[in-house]
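Enquirer: Take a look at this one; I'll ask things after.
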Amino acid sequence: MTSKAKAFVVKALGIKLQQPEPYYDQLTHGEPVLSSDSFLEQEPRTTEFLLGLIPTGPKIWQYFLSLFPFLSWIGHYNLQWLIGDLVAGITIGAVVVPQGMAYAKLANLEVQFGLYSSFMGVLVYWFFATSKDITIGPVAVVCQLTGGIVADMKDVLTDVPAHVIASALSILAGSIVLFIGLIRCGWIVDLISLTALSAFMTGSAITIAVGQIPTMMGITGFSTRDPPYLVFIHTLQGLPRTSLDAAMGLSALFLLYGIRGVCSYAARRWPRHQRLAFFLSTLRTVFVILLYTFVSWLVNRNLAKGQEKFKILLDVPRGFQNAAVPVLNKRIASELAGYLPATVIVLLIEHIAISKSFGRVNNYTINPSQEMVAIGVTNVLGPFVGGFASTGSFSRTAIKSKAGVRTPFAGVITALVVLLAIYALPAVFYYIPSASLAAVIIHAVGDLITPPNTVYQFWLVSPFEVVIFFAGVIVTVFSTIENGIYCTVCLSAAMLLFRILKGKGRFLGRVEVKSILDNNVVGQAPRNTQEYGTFTGHKDAPYRNVFLPITHADGSNPVVDLESPHPGIFIYRFSEGFNYPNASNSLQYMVDYIFARTRRTNLMTFDRPGDRPWNNPGPSRRQLKAAAALGVAPGEVGVNTDLPTLKAVILDFSSVNHVDITSVQQLIDVRNQLDRYTAPDVVHWHIACIHNRWTKRALVAAGFGYPAPHCDGLQHRWRSIFSVAEIGGSQSAAAAAEKQANEKELTNQASRRSTVGSPDAEGRRRGKTGETGDRKSYIGRSVAIHGMNRPLFHVDLTSALQSAIANVEASAEFRAGSGTMTEAPPSAPFEPSSSTSTLGKVVGQTANNAREMES
C-alpha cells in the first residue's frame, strides 16, 4: 500500500497513528548525548512475532521425529539393555495378568477384557514412549470410572453390550487425548494441581476399596456402584449374610500384606539380599492368586457348574475372541459425551504425574505432549482387540523401575507374557476366586491413599489447599469420582483466580546491606574480591542497596529500619503480575497508600466549599471560621502540611511478564488521577526490571518511558486506549472535566503562585542512592543497557531511584531559578551543557549505571 493510500485509509477510518517516540530523532540525528556506544531500542514488530510462529523446515522434520522417540535409541540397543528389559518385562507380565483380570471386574466387564487391554497397552506404548518406566494398562481408577459409566448406560443403551460401551468410551477419550498431544498442548495438564491429584487418588482409592469389600465378604443384595458411604452402610447391614467368600477374600488380603511386611523387614535386616526380597514382594500377587486358585480347585473340582462353594470366575475364553472393528455410532457417542471430560482428566493426570515423577527420580525428562500421543494411540487401537480405557499404572511403574528396566522395549516382553496367559492359561483362570481378586484390588489401591504425614506437609506449605484436599475427598466419598474431580479442579482454579484478583503489591524501602563470610565483610578483604566479584575502588564498595517491603510483609527482620527512598517518591512492586484481573485492585491499593502519605501540591485547589467534590466535602464551616481566626489558609484546614507532595512513582516490574489493554488503560487512568492530584506539577513515572520487549512496547504506546512534556502548569490528560469517559472525543466527559479544571487554573494561576511556598519548604535531601561522588570510573568499554530513547526504563531499582531523585532535584532547582512552578521545557533535556536539565540528568544517570554494570 502506498503512503498516500495508507494516509487516505487512516483518515477515512479516523485512526490516530502513534506519534514518533519523543526525543528519538534528537538522539539519532542531533548532538550525541553520550559516547558512540549509546543504544537505541527498537520496538518489536507484529510481523516479527508472526514469523516466529511459522515453523521452519528443520522444525517440521524435528516434529515428525519427535512422534517416534524410539528412533533415537533403538539403534544403540545392546545385550546389557536386553537383560534388564527381560527381567523387568517378565516381572511386570506376572503382575499385570492378575491385576488386569481384577480390574476388568471393577469395570463391570468379563476378565478377558482386562487381559486384552493389558496386552495392547504394553505393546503399543514403547513406539511412542518418552518414559522407560511407565506401564500402560488397566488401572483401578479408570476401571472404576468405566464401570460406573457402563452401569449407567445399561438403562439407556439396553441393546448394546457392556464391552462395546467401554470400547467406544476408550476410542472417544483416546481421540481427544491424541489430538491434544499432536498439537503439542501437553502443558494443559499443568492446570491441575497436585492437591487435586492427591485428593482424586485418595477419594478414588477409598471408593474402590469400599466397593470391593462386599465382593470380598460375599455380601450381596445392593449395588456397589452407590456412593461409598451408602455402600459402607449397606455392607455393615449385610454382615449377617457373609458367606464362605469372606474366608477366601480376607485371608488373601492379610496374606498379601503379610508377605509385603516380611519382605520389607528382610530387606532391612539383610541388606545384601534386598533385590531378592524385592522380587519376592513384587510377585506376592501372583503367589496369592496361584495359591487360592489351587485351593479353589481342590474345593470345587468335583462340583457341577453352579454348585461352587464360593464365587469363581468360571469360563474364560481363549485368545482374542472379541477382536473386531469397534462399534461407534452417533447414538453411542452422544450418550457418552457427558462422561468424556472426567474420563480424559483421569487418563491424563495420573499418567503425566507418574511419568514426571519417575523421570526426575531416574534422571530423564519426559515430554507430556508425546505421552498424550502414546495414551491416545493406545486407547484408539486397544478396542480393535477388545480393550477398554487404559493409562499409566502407579504400582506397576514403581515395580518396573525397581526391577531395573533399561528401555521402553521392556513393554514388548510384557506383551509376550500377557499373550502367553491369554492363550495358555484360561483353563487355570476358571477356578480363581472372585473374593481373592477383590482382595488384590483392595491391596493395590491401598497405596494410593494419601498418608497423614503428607497431608501435614500440605498444611505446612499451603493450609488452604488442605481444605481443597478434604473437600475433594469428601465430595468423592459422598457423591462420585467425577464430582470429586470437578470439585478439586474448580476449587484450585478459584483459589488461583482469587489470589490473582486480590493480589496487592508492596511498597518498598531502601536499606544498605553487606555480606559477611567468616566474620569478614565480603568485598573488603582482597582475597574475597575476585572470588565473589565484588566491585572495589570506592569506600562503599562492600555495601549495596536492597529494597524490602516497608511493612516487612516478606518476613524480614522488623528491627531493620527501612529508609524511605525520598520524600514524595514511592517504589511499588507488583506481586501477582499486572493483568486485567488484578490491575484494578493492585492500582487502587497503590493510590490509597500514596494519598494517605502525601498531600496535594496545590492546597488552594478548592478555594470555595462549593468547589469540593461531593465525596470529599472537607472541613465544616465552624472549622473554617476557627482556622481563619488563627490565620490558617482554608486549603490547609484538616491537612497535614508536614506530609510531602507526590513527586515520582517507581514501578518494579520484576514479577510482570506481560501486560494487556485493560491493565495499561488503568495505569493511564491512575497517571491522570495523580497528575490532577499534583497539579500544576506532574508525576514522574520510572519503571524498573522490564523483562519483555512487548511489555515495553505497550508502555511506550501509553506514554511511559520518557518524561512528561507538559510545561504550562495546566492539566493534560494522557491519551486513553479505550475509556468510557473518553467516548465522544473532544466532547467527552473527560475532555469537559479537563477544560473546566484548566479554565479555573488559568483564572487563578497568578494567585496560586503567590500562595504556594518554595519547594525547599519540604526540605531537600540527597540520599545516598543519589550520590555519584568521586566514584572512580572503571577502565574498559562502556555501553548502555537500556535504550537511550526510553530514559525512564531502568535496569534495576537502584538506577530508577537515582534517576527519580535526580529528576526531582533538577526540577526543584529549575523552578527555584526561574521563579515558576512549571516544568522545564521539553527542548532543554537534550542540551548537553544544561546541568539542570531533567532528562539530561536521567540519561546521564542511566548511563553511569550502565557503565557500572557493563564495563
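Ligands are numbered from 1 in the order shown, residues from 1 within each chain, and chains are lettered A, B, ... in the order they appear in the C-alpha cells.
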Arg597 (chain A): which residues within 12 Å, counting only C-alpha atoms, same-chain residues fewer than 3 positions away excluded, as a list in words?
Expert: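 Residues near the query, excluding close chain neighbours: Phe507, Ser564, Pro567, Gly568, Ile569, Phe570, Met590, Val591, Asp592, Tyr593, Ile594, Arg600, Val639, Asn640, Thr641, Asp642, Leu643, Pro644, Thr645 and Leu646 of chain A.
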Enquirer: Write the residues of the selection above to a file with N, CA, C and O atoms, as a PDB file, in the first residue's frame.
Expert:
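This went into result_2.pdb:
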```
ATOM      1  N   PHE A 507       4.916  -1.721  48.816  1.00  0.00           N
ATOM      2  CA  PHE A 507       5.755  -0.536  48.766  1.00  0.00           C
ATOM      3  C   PHE A 507       7.087  -0.861  49.425  1.00  0.00           C
ATOM      4  O   PHE A 507       7.126  -1.500  50.485  1.00  0.00           O
ATOM      5  N   SER A 564      12.961   5.503  53.906  1.00  0.00           N
ATOM      6  CA  SER A 564      12.107   5.971  52.817  1.00  0.00           C
ATOM      7  C   SER A 564      12.992   6.410  51.656  1.00  0.00           C
ATOM      8  O   SER A 564      14.003   7.087  51.861  1.00  0.00           O
ATOM      9  N   PRO A 567      11.528  11.892  50.037  1.00  0.00           N
ATOM     10  CA  PRO A 567      10.202  12.498  50.235  1.00  0.00           C
ATOM     11  C   PRO A 567       9.448  12.643  48.922  1.00  0.00           C
ATOM     12  O   PRO A 567       9.929  13.268  47.983  1.00  0.00           O
ATOM     13  N   GLY A 568       8.267  12.048  48.877  1.00  0.00           N
ATOM     14  CA  GLY A 568       7.428  12.167  47.690  1.00  0.00           C
ATOM     15  C   GLY A 568       7.731  11.149  46.609  1.00  0.00           C
ATOM     16  O   GLY A 568       7.103  11.183  45.552  1.00  0.00           O
ATOM     17  N   ILE A 569       8.668  10.240  46.836  1.00  0.00           N
ATOM     18  CA  ILE A 569       8.982   9.189  45.853  1.00  0.00           C
ATOM     19  C   ILE A 569       8.590   7.844  46.450  1.00  0.00           C
ATOM     20  O   ILE A 569       8.982   7.523  47.579  1.00  0.00           O
ATOM     21  N   PHE A 570       7.826   7.053  45.688  1.00  0.00           N
ATOM     22  CA  PHE A 570       7.332   5.763  46.161  1.00  0.00           C
ATOM     23  C   PHE A 570       7.774   4.664  45.197  1.00  0.00           C
ATOM     24  O   PHE A 570       7.725   4.840  43.976  1.00  0.00           O
ATOM     25  N   MET A 590      -2.350   0.978  45.562  1.00  0.00           N
ATOM     26  CA  MET A 590      -1.232   1.900  45.404  1.00  0.00           C
ATOM     27  C   MET A 590      -1.681   3.346  45.584  1.00  0.00           C
ATOM     28  O   MET A 590      -1.033   4.138  46.293  1.00  0.00           O
ATOM     29  N   VAL A 591      -2.795   3.708  44.952  1.00  0.00           N
ATOM     30  CA  VAL A 591      -3.287   5.087  45.038  1.00  0.00           C
ATOM     31  C   VAL A 591      -3.694   5.428  46.468  1.00  0.00           C
ATOM     32  O   VAL A 591      -3.362   6.511  46.982  1.00  0.00           O
ATOM     33  N   ASP A 592      -4.406   4.529  47.132  1.00  0.00           N
ATOM     34  CA  ASP A 592      -4.834   4.790  48.512  1.00  0.00           C
ATOM     35  C   ASP A 592      -3.634   4.984  49.434  1.00  0.00           C
ATOM     36  O   ASP A 592      -3.640   5.852  50.310  1.00  0.00           O
ATOM     37  N   TYR A 593      -2.618   4.170  49.227  1.00  0.00           N
ATOM     38  CA  TYR A 593      -1.411   4.273  50.052  1.00  0.00           C
ATOM     39  C   TYR A 593      -0.724   5.625  49.837  1.00  0.00           C
ATOM     40  O   TYR A 593      -0.309   6.288  50.794  1.00  0.00           O
ATOM     41  N   ILE A 594      -0.626   6.030  48.589  1.00  0.00           N
ATOM     42  CA  ILE A 594       0.027   7.312  48.277  1.00  0.00           C
ATOM     43  C   ILE A 594      -0.785   8.483  48.828  1.00  0.00           C
ATOM     44  O   ILE A 594      -0.222   9.421  49.423  1.00  0.00           O
ATOM     45  N   ARG A 600      -1.852  17.247  48.667  1.00  0.00           N
ATOM     46  CA  ARG A 600      -1.938  17.890  47.367  1.00  0.00           C
ATOM     47  C   ARG A 600      -0.818  18.906  47.197  1.00  0.00           C
ATOM     48  O   ARG A 600      -0.415  19.580  48.161  1.00  0.00           O
ATOM     49  N   VAL A 639      -5.442  19.420  56.843  1.00  0.00           N
ATOM     50  CA  VAL A 639      -4.380  18.823  56.035  1.00  0.00           C
ATOM     51  C   VAL A 639      -3.088  18.826  56.840  1.00  0.00           C
ATOM     52  O   VAL A 639      -2.730  19.825  57.468  1.00  0.00           O
ATOM     53  N   ASN A 640      -2.414  17.699  56.818  1.00  0.00           N
ATOM     54  CA  ASN A 640      -1.112  17.596  57.470  1.00  0.00           C
ATOM     55  C   ASN A 640      -0.064  18.182  56.530  1.00  0.00           C
ATOM     56  O   ASN A 640       0.390  17.537  55.586  1.00  0.00           O
ATOM     57  N   THR A 641       0.303  19.426  56.784  1.00  0.00           N
ATOM     58  CA  THR A 641       1.221  20.113  55.873  1.00  0.00           C
ATOM     59  C   THR A 641       2.650  19.595  55.967  1.00  0.00           C
ATOM     60  O   THR A 641       3.506  19.978  55.157  1.00  0.00           O
ATOM     61  N   ASP A 642       2.909  18.756  56.967  1.00  0.00           N
ATOM     62  CA  ASP A 642       4.241  18.158  57.067  1.00  0.00           C
ATOM     63  C   ASP A 642       4.434  17.022  56.064  1.00  0.00           C
ATOM     64  O   ASP A 642       5.573  16.589  55.833  1.00  0.00           O
ATOM     65  N   LEU A 643       3.343  16.544  55.504  1.00  0.00           N
ATOM     66  CA  LEU A 643       3.473  15.476  54.521  1.00  0.00           C
ATOM     67  C   LEU A 643       4.072  16.024  53.234  1.00  0.00           C
ATOM     68  O   LEU A 643       3.796  17.167  52.852  1.00  0.00           O
ATOM     69  N   PRO A 644       4.855  15.213  52.543  1.00  0.00           N
ATOM     70  CA  PRO A 644       5.431  15.686  51.279  1.00  0.00           C
ATOM     71  C   PRO A 644       4.387  15.652  50.159  1.00  0.00           C
ATOM     72  O   PRO A 644       3.346  14.999  50.280  1.00  0.00           O
ATOM     73  N   THR A 645       4.680  16.350  49.110  1.00  0.00           N
ATOM     74  CA  THR A 645       3.864  16.229  47.905  1.00  0.00           C
ATOM     75  C   THR A 645       4.414  15.085  47.060  1.00  0.00           C
ATOM     76  O   THR A 645       5.584  14.715  47.163  1.00  0.00           O
ATOM     77  N   LEU A 646       3.564  14.544  46.245  1.00  0.00           N
ATOM     78  CA  LEU A 646       3.965  13.422  45.402  1.00  0.00           C
ATOM     79  C   LEU A 646       4.868  13.919  44.271  1.00  0.00           C
ATOM     80  O   LEU A 646       4.530  14.842  43.548  1.00  0.00           O
TER      81      LEU A 646
END
```
Enquirer: Report the closest atom pair, with its distance in Å rounded to one decimal, for each residue of region 57-148 of chain A that has an atom no farther than 12 Å from region 210-229 of chain A; count only C-alpha atoms, sort by chain and then rising residue number, and write it as a tab-separated table.
Expert:
```
residue	atom	partner	partner_atom	distance
A:Ala102	CA	A:Gln212	CA	10.5
A:Tyr103	CA	A:Gln212	CA	10.9
A:Lys105	CA	A:Gln212	CA	10.1
A:Leu106	CA	A:Gln212	CA	8.3
A:Ala107	CA	A:Arg225	CA	10.7
A:Asn108	CA	A:Arg225	CA	10.1
A:Ala140	CA	A:Gln212	CA	11.3
A:Gln144	CA	A:Arg225	CA	9.0
A:Leu145	CA	A:Arg225	CA	10.1
A:Thr146	CA	A:Arg225	CA	11.3
A:Gly147	CA	A:Arg225	CA	8.3
A:Gly148	CA	A:Arg225	CA	6.5
```
Enquirer: Go through region 155-188 of chain A and collect every residue that DSSP, computed from the backbone, puts in helix (DSSP H, G or I); the answer should be as a list of chain:residue names.
Expert: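 Matching residues, listed in order: A:Ala162, A:His163, A:Val164, A:Ile165, A:Ala166, A:Ser167, A:Ala168, A:Leu169, A:Ser170, A:Ile171, A:Leu172, A:Ala173, A:Gly174, A:Ser175, A:Ile176, A:Val177, A:Leu178, A:Phe179, A:Ile180, A:Gly181, A:Leu182, A:Gly186, A:Trp187, A:Ile188.
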Enquirer: Which residues, written as a tab-separated table (two decimals) with all heavy atoms, in the first residue's frame, have at least one atom at most 7 Å from Ile550 (chain A), with only C-alpha atoms counted and residues fewer than 3 positions away on the same chain left out?
Expert:
```
chain	number	residue	atom	x	y	z
A	507	PHE	N	4.92	-1.72	48.82
A	507	PHE	CA	5.76	-0.54	48.77
A	507	PHE	C	7.09	-0.86	49.42
A	507	PHE	O	7.13	-1.50	50.48
A	507	PHE	CB	5.07	0.64	49.46
A	507	PHE	CG	4.01	1.27	48.63
A	507	PHE	CD1	2.70	0.84	48.69
A	507	PHE	CD2	4.33	2.30	47.74
A	507	PHE	CE1	1.72	1.42	47.90
A	507	PHE	CE2	3.35	2.88	46.95
A	507	PHE	CZ	2.05	2.44	47.03
A	508	LEU	N	8.15	-0.43	48.79
A	508	LEU	CA	9.49	-0.83	49.21
A	508	LEU	C	10.24	0.33	49.84
A	508	LEU	O	10.06	1.49	49.46
A	508	LEU	CB	10.28	-1.36	48.00
A	508	LEU	CG	9.62	-2.46	47.17
A	508	LEU	CD1	10.54	-2.88	46.04
A	508	LEU	CD2	9.24	-3.65	48.03
A	509	GLY	N	11.08	-0.02	50.78
A	509	GLY	CA	12.02	0.92	51.37
A	509	GLY	C	13.44	0.46	51.11
A	509	GLY	O	13.68	-0.73	50.80
A	562	LEU	N	13.85	0.47	57.62
A	562	LEU	CA	13.84	0.70	56.17
A	562	LEU	C	13.73	2.18	55.90
A	562	LEU	O	12.80	2.85	56.37
A	562	LEU	CB	12.69	-0.06	55.52
A	562	LEU	CG	12.79	-1.58	55.58
A	562	LEU	CD1	11.53	-2.22	55.02
A	562	LEU	CD2	14.00	-2.07	54.81
```
Enquirer: In Å, rounded to a single decimal, give me how far CA of Ser131 (chain A) is from CA of Arg260 (chain A).
Expert: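 Result for CA of Arg260 (chain A) versus CA of Ser131 (chain A): 26.9 Å, one decimal.
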Enquirer: Calculate how many Å separate CA of Val808 (chain A) from CA of Thr695 (chain A), rounding to one decimal.
Expert: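 Interatomic distance, CA of Val808 (chain A) to CA of Thr695 (chain A): 26.1 Å.
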Enquirer: Find the residues around Val96 (chain A) up to 8 Å (only C-alpha atoms counted), leave out those fewer than 3 positions away in its own chain, and share them as a list in words.
Expert: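 Contacts, in chain order: Ile92, Gly93, Gln99, Gly100, Ser118, Arg396 and Val418 of chain A.
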Enquirer: Kindly save the residues from that selection, with all heavy atoms included, as a JSON list (two decimals), in the first residue's frame.
Expert:
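This went into out.json:
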```
[["chain", "number", "residue", "atom", "x", "y", "z"],
["A", 92, "ILE", "N", 6.79, -57.54, 35.28],
["A", 92, "ILE", "CA", 5.54, -56.80, 35.08],
["A", 92, "ILE", "C", 4.48, -57.70, 34.47],
["A", 92, "ILE", "O", 3.29, -57.60, 34.80],
["A", 92, "ILE", "CB", 5.78, -55.57, 34.20],
["A", 92, "ILE", "CG1", 6.71, -54.59, 34.91],
["A", 92, "ILE", "CG2", 4.48, -54.87, 33.84],
["A", 92, "ILE", "CD1", 6.17, -54.08, 36.24],
["A", 93, "GLY", "N", 4.86, -58.58, 33.56],
["A", 93, "GLY", "CA", 3.89, -59.51, 32.98],
["A", 93, "GLY", "C", 3.24, -60.37, 34.03],
["A", 93, "GLY", "O", 2.02, -60.62, 33.99],
["A", 99, "GLN", "N", -3.73, -58.54, 37.94],
["A", 99, "GLN", "CA", -4.31, -57.22, 38.13],
["A", 99, "GLN", "C", -5.27, -56.86, 37.01],
["A", 99, "GLN", "O", -6.34, -56.29, 37.24],
["A", 99, "GLN", "CB", -3.20, -56.17, 38.23],
["A", 99, "GLN", "CG", -2.53, -56.07, 39.59],
["A", 99, "GLN", "CD", -1.68, -54.82, 39.72],
["A", 99, "GLN", "OE1", -1.51, -54.06, 38.78],
["A", 99, "GLN", "NE2", -1.14, -54.61, 40.91],
["A", 100, "GLY", "N", -4.89, -57.16, 35.78],
["A", 100, "GLY", "CA", -5.76, -56.86, 34.65],
["A", 100, "GLY", "C", -7.11, -57.55, 34.76],
["A", 100, "GLY", "O", -8.15, -56.93, 34.48],
["A", 118, "SER", "N", -4.44, -54.99, 28.75],
["A", 118, "SER", "CA", -3.06, -55.08, 29.23],
["A", 118, "SER", "C", -2.11, -55.36, 28.08],
["A", 118, "SER", "O", -1.02, -54.77, 28.00],
["A", 118, "SER", "CB", -2.95, -56.19, 30.28],
["A", 118, "SER", "OG", -3.80, -55.93, 31.38],
["A", 396, "ARG", "N", 2.52, -50.64, 39.02],
["A", 396, "ARG", "CA", 3.35, -51.40, 38.07],
["A", 396, "ARG", "C", 4.55, -50.57, 37.59],
["A", 396, "ARG", "O", 5.62, -51.12, 37.31],
["A", 396, "ARG", "CB", 2.49, -51.85, 36.88],
["A", 396, "ARG", "CG", 1.40, -52.83, 37.27],
["A", 396, "ARG", "CD", 0.81, -53.53, 36.07],
["A", 396, "ARG", "NE", 0.10, -52.64, 35.18],
["A", 396, "ARG", "CZ", -1.19, -52.32, 35.30],
["A", 396, "ARG", "NH1", -1.90, -52.81, 36.32],
["A", 396, "ARG", "NH2", -1.77, -51.52, 34.45],
["A", 418, "VAL", "N", 1.76, -61.57, 28.59],
["A", 418, "VAL", "CA", 0.30, -61.46, 28.60],
["A", 418, "VAL", "C", -0.29, -62.31, 27.48],
["A", 418, "VAL", "O", -1.32, -62.99, 27.66],
["A", 418, "VAL", "CB", -0.13, -59.99, 28.45],
["A", 418, "VAL", "CG1", -1.65, -59.88, 28.37],
["A", 418, "VAL", "CG2", 0.39, -59.15, 29.61]]
```
Enquirer: Quick one: of A:Gln42, A:Thr414, A:Ser720, A:Ser654, who's nearest to Met788 (chain A), counting only C-alpha atoms?
Expert: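 The closest residue to Met788 (chain A) is A:Gln42.
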Enquirer: Calculated over only C-alpha atoms, which of the candidates A:Arg573, A:Lys356, A:Lys696, A:His443 has the smallest distance to Gly249 (chain A)?
Expert: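 Result for the nearest residue to Gly249 (chain A): A:His443.
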Enquirer: Taking only C-alpha atoms into account, name the residue in A:Thr480, A:Phe384, A:Ala494, A:Val262 that is nearest to Glu465 (chain A).
Expert: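 Comparing A:Thr480, A:Phe384, A:Ala494, A:Val262 against Glu465 (chain A), the winner is A:Ala494.
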Enquirer: Using only C-alpha atoms, which residue out of A:Cys689, A:Val316, A:Val546, A:Ala304 lies closest to Phe429 (chain A)?
Expert: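 Checking each of A:Cys689, A:Val316, A:Val546, A:Ala304 against Phe429 (chain A), counting only C-alpha atoms, the winner is A:Val316.
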Enquirer: Distance CA of Tyr589 (chain A)-CA of Leu191 (chain A), one decimal place?
Expert: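 Going from CA of Tyr589 (chain A) over to CA of Leu191 (chain A), I get 29.0 Å.
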Enquirer: Name the closest residue to Val489 (chain A) among the candidates A:Phe704, A:Phe200, A:Phe49, A:Trp694; distances are taken between atoms, counting only C-alpha atoms.
Expert: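 The closest residue to Val489 (chain A) is A:Phe200.
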Enquirer: Show which residues sit within 12 Å of Ala94 (chain A), as a PDB file with C-alpha atoms, in the first residue's frame. Count only C-alpha atoms, and ignore same-chain residues fewer than 4 positions away.
Expert:
```pdb
ATOM      1  CA  VAL A  87      13.858 -59.101  33.934  1.00  0.00           C
ATOM      2  CA  ALA A  88      11.568 -56.073  34.210  1.00  0.00           C
ATOM      3  CA  GLY A  89       9.269 -57.197  31.380  1.00  0.00           C
ATOM      4  CA  ILE A  90       8.702 -60.691  32.788  1.00  0.00           C
ATOM      5  CA  PRO A  98      -3.906 -60.990  37.770  1.00  0.00           C
ATOM      6  CA  GLN A  99      -4.312 -57.223  38.135  1.00  0.00           C
ATOM      7  CA  GLY A 100      -5.755 -56.858  34.653  1.00  0.00           C
ATOM      8  CA  LEU A 115      -6.070 -59.071  29.512  1.00  0.00           C
ATOM      9  CA  SER A 118      -3.060 -55.079  29.227  1.00  0.00           C
ATOM     10  CA  PHE A 279      11.258 -59.685  43.663  1.00  0.00           C
ATOM     11  CA  LEU A 280       9.561 -61.891  46.257  1.00  0.00           C
ATOM     12  CA  THR A 282       6.668 -57.993  43.761  1.00  0.00           C
ATOM     13  CA  LEU A 283       5.425 -61.487  42.918  1.00  0.00           C
ATOM     14  CA  ARG A 284       3.231 -61.766  46.005  1.00  0.00           C
ATOM     15  CA  THR A 285       0.100 -61.127  43.932  1.00  0.00           C
ATOM     16  CA  VAL A 286       0.968 -63.990  41.575  1.00  0.00           C
ATOM     17  CA  PHE A 287       1.719 -66.283  44.501  1.00  0.00           C
ATOM     18  CA  ILE A 289      -3.672 -65.916  43.181  1.00  0.00           C
ATOM     19  CA  LEU A 290      -1.999 -69.228  42.346  1.00  0.00           C
ATOM     20  CA  ARG A 396       3.350 -51.396  38.065  1.00  0.00           C
ATOM     21  CA  ILE A 399       7.809 -52.187  40.226  1.00  0.00           C
ATOM     22  CA  LYS A 400       9.211 -51.771  36.730  1.00  0.00           C
ATOM     23  CA  ILE A 413       8.485 -58.586  26.784  1.00  0.00           C
ATOM     24  CA  THR A 414       5.479 -57.896  29.000  1.00  0.00           C
ATOM     25  CA  ALA A 415       3.180 -58.174  25.978  1.00  0.00           C
ATOM     26  CA  LEU A 416       4.580 -61.648  25.215  1.00  0.00           C
ATOM     27  CA  VAL A 417       3.900 -62.762  28.798  1.00  0.00           C
ATOM     28  CA  VAL A 418       0.302 -61.456  28.595  1.00  0.00           C
ATOM     29  CA  LEU A 419      -0.124 -63.116  25.198  1.00  0.00           C
ATOM     30  CA  LEU A 420       1.021 -66.407  26.721  1.00  0.00           C
ATOM     31  CA  ALA A 421      -1.536 -66.026  29.502  1.00  0.00           C
TER      32      ALA A 421
END
```
Enquirer: Determine the nearest neighbour of Tyr257 (chain A) from the options A:Ala816, A:Val150, A:Ala439, A:Met101, counting only C-alpha atoms.
Expert: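 For Tyr257 (chain A), the nearest of the given residues is A:Ala439.
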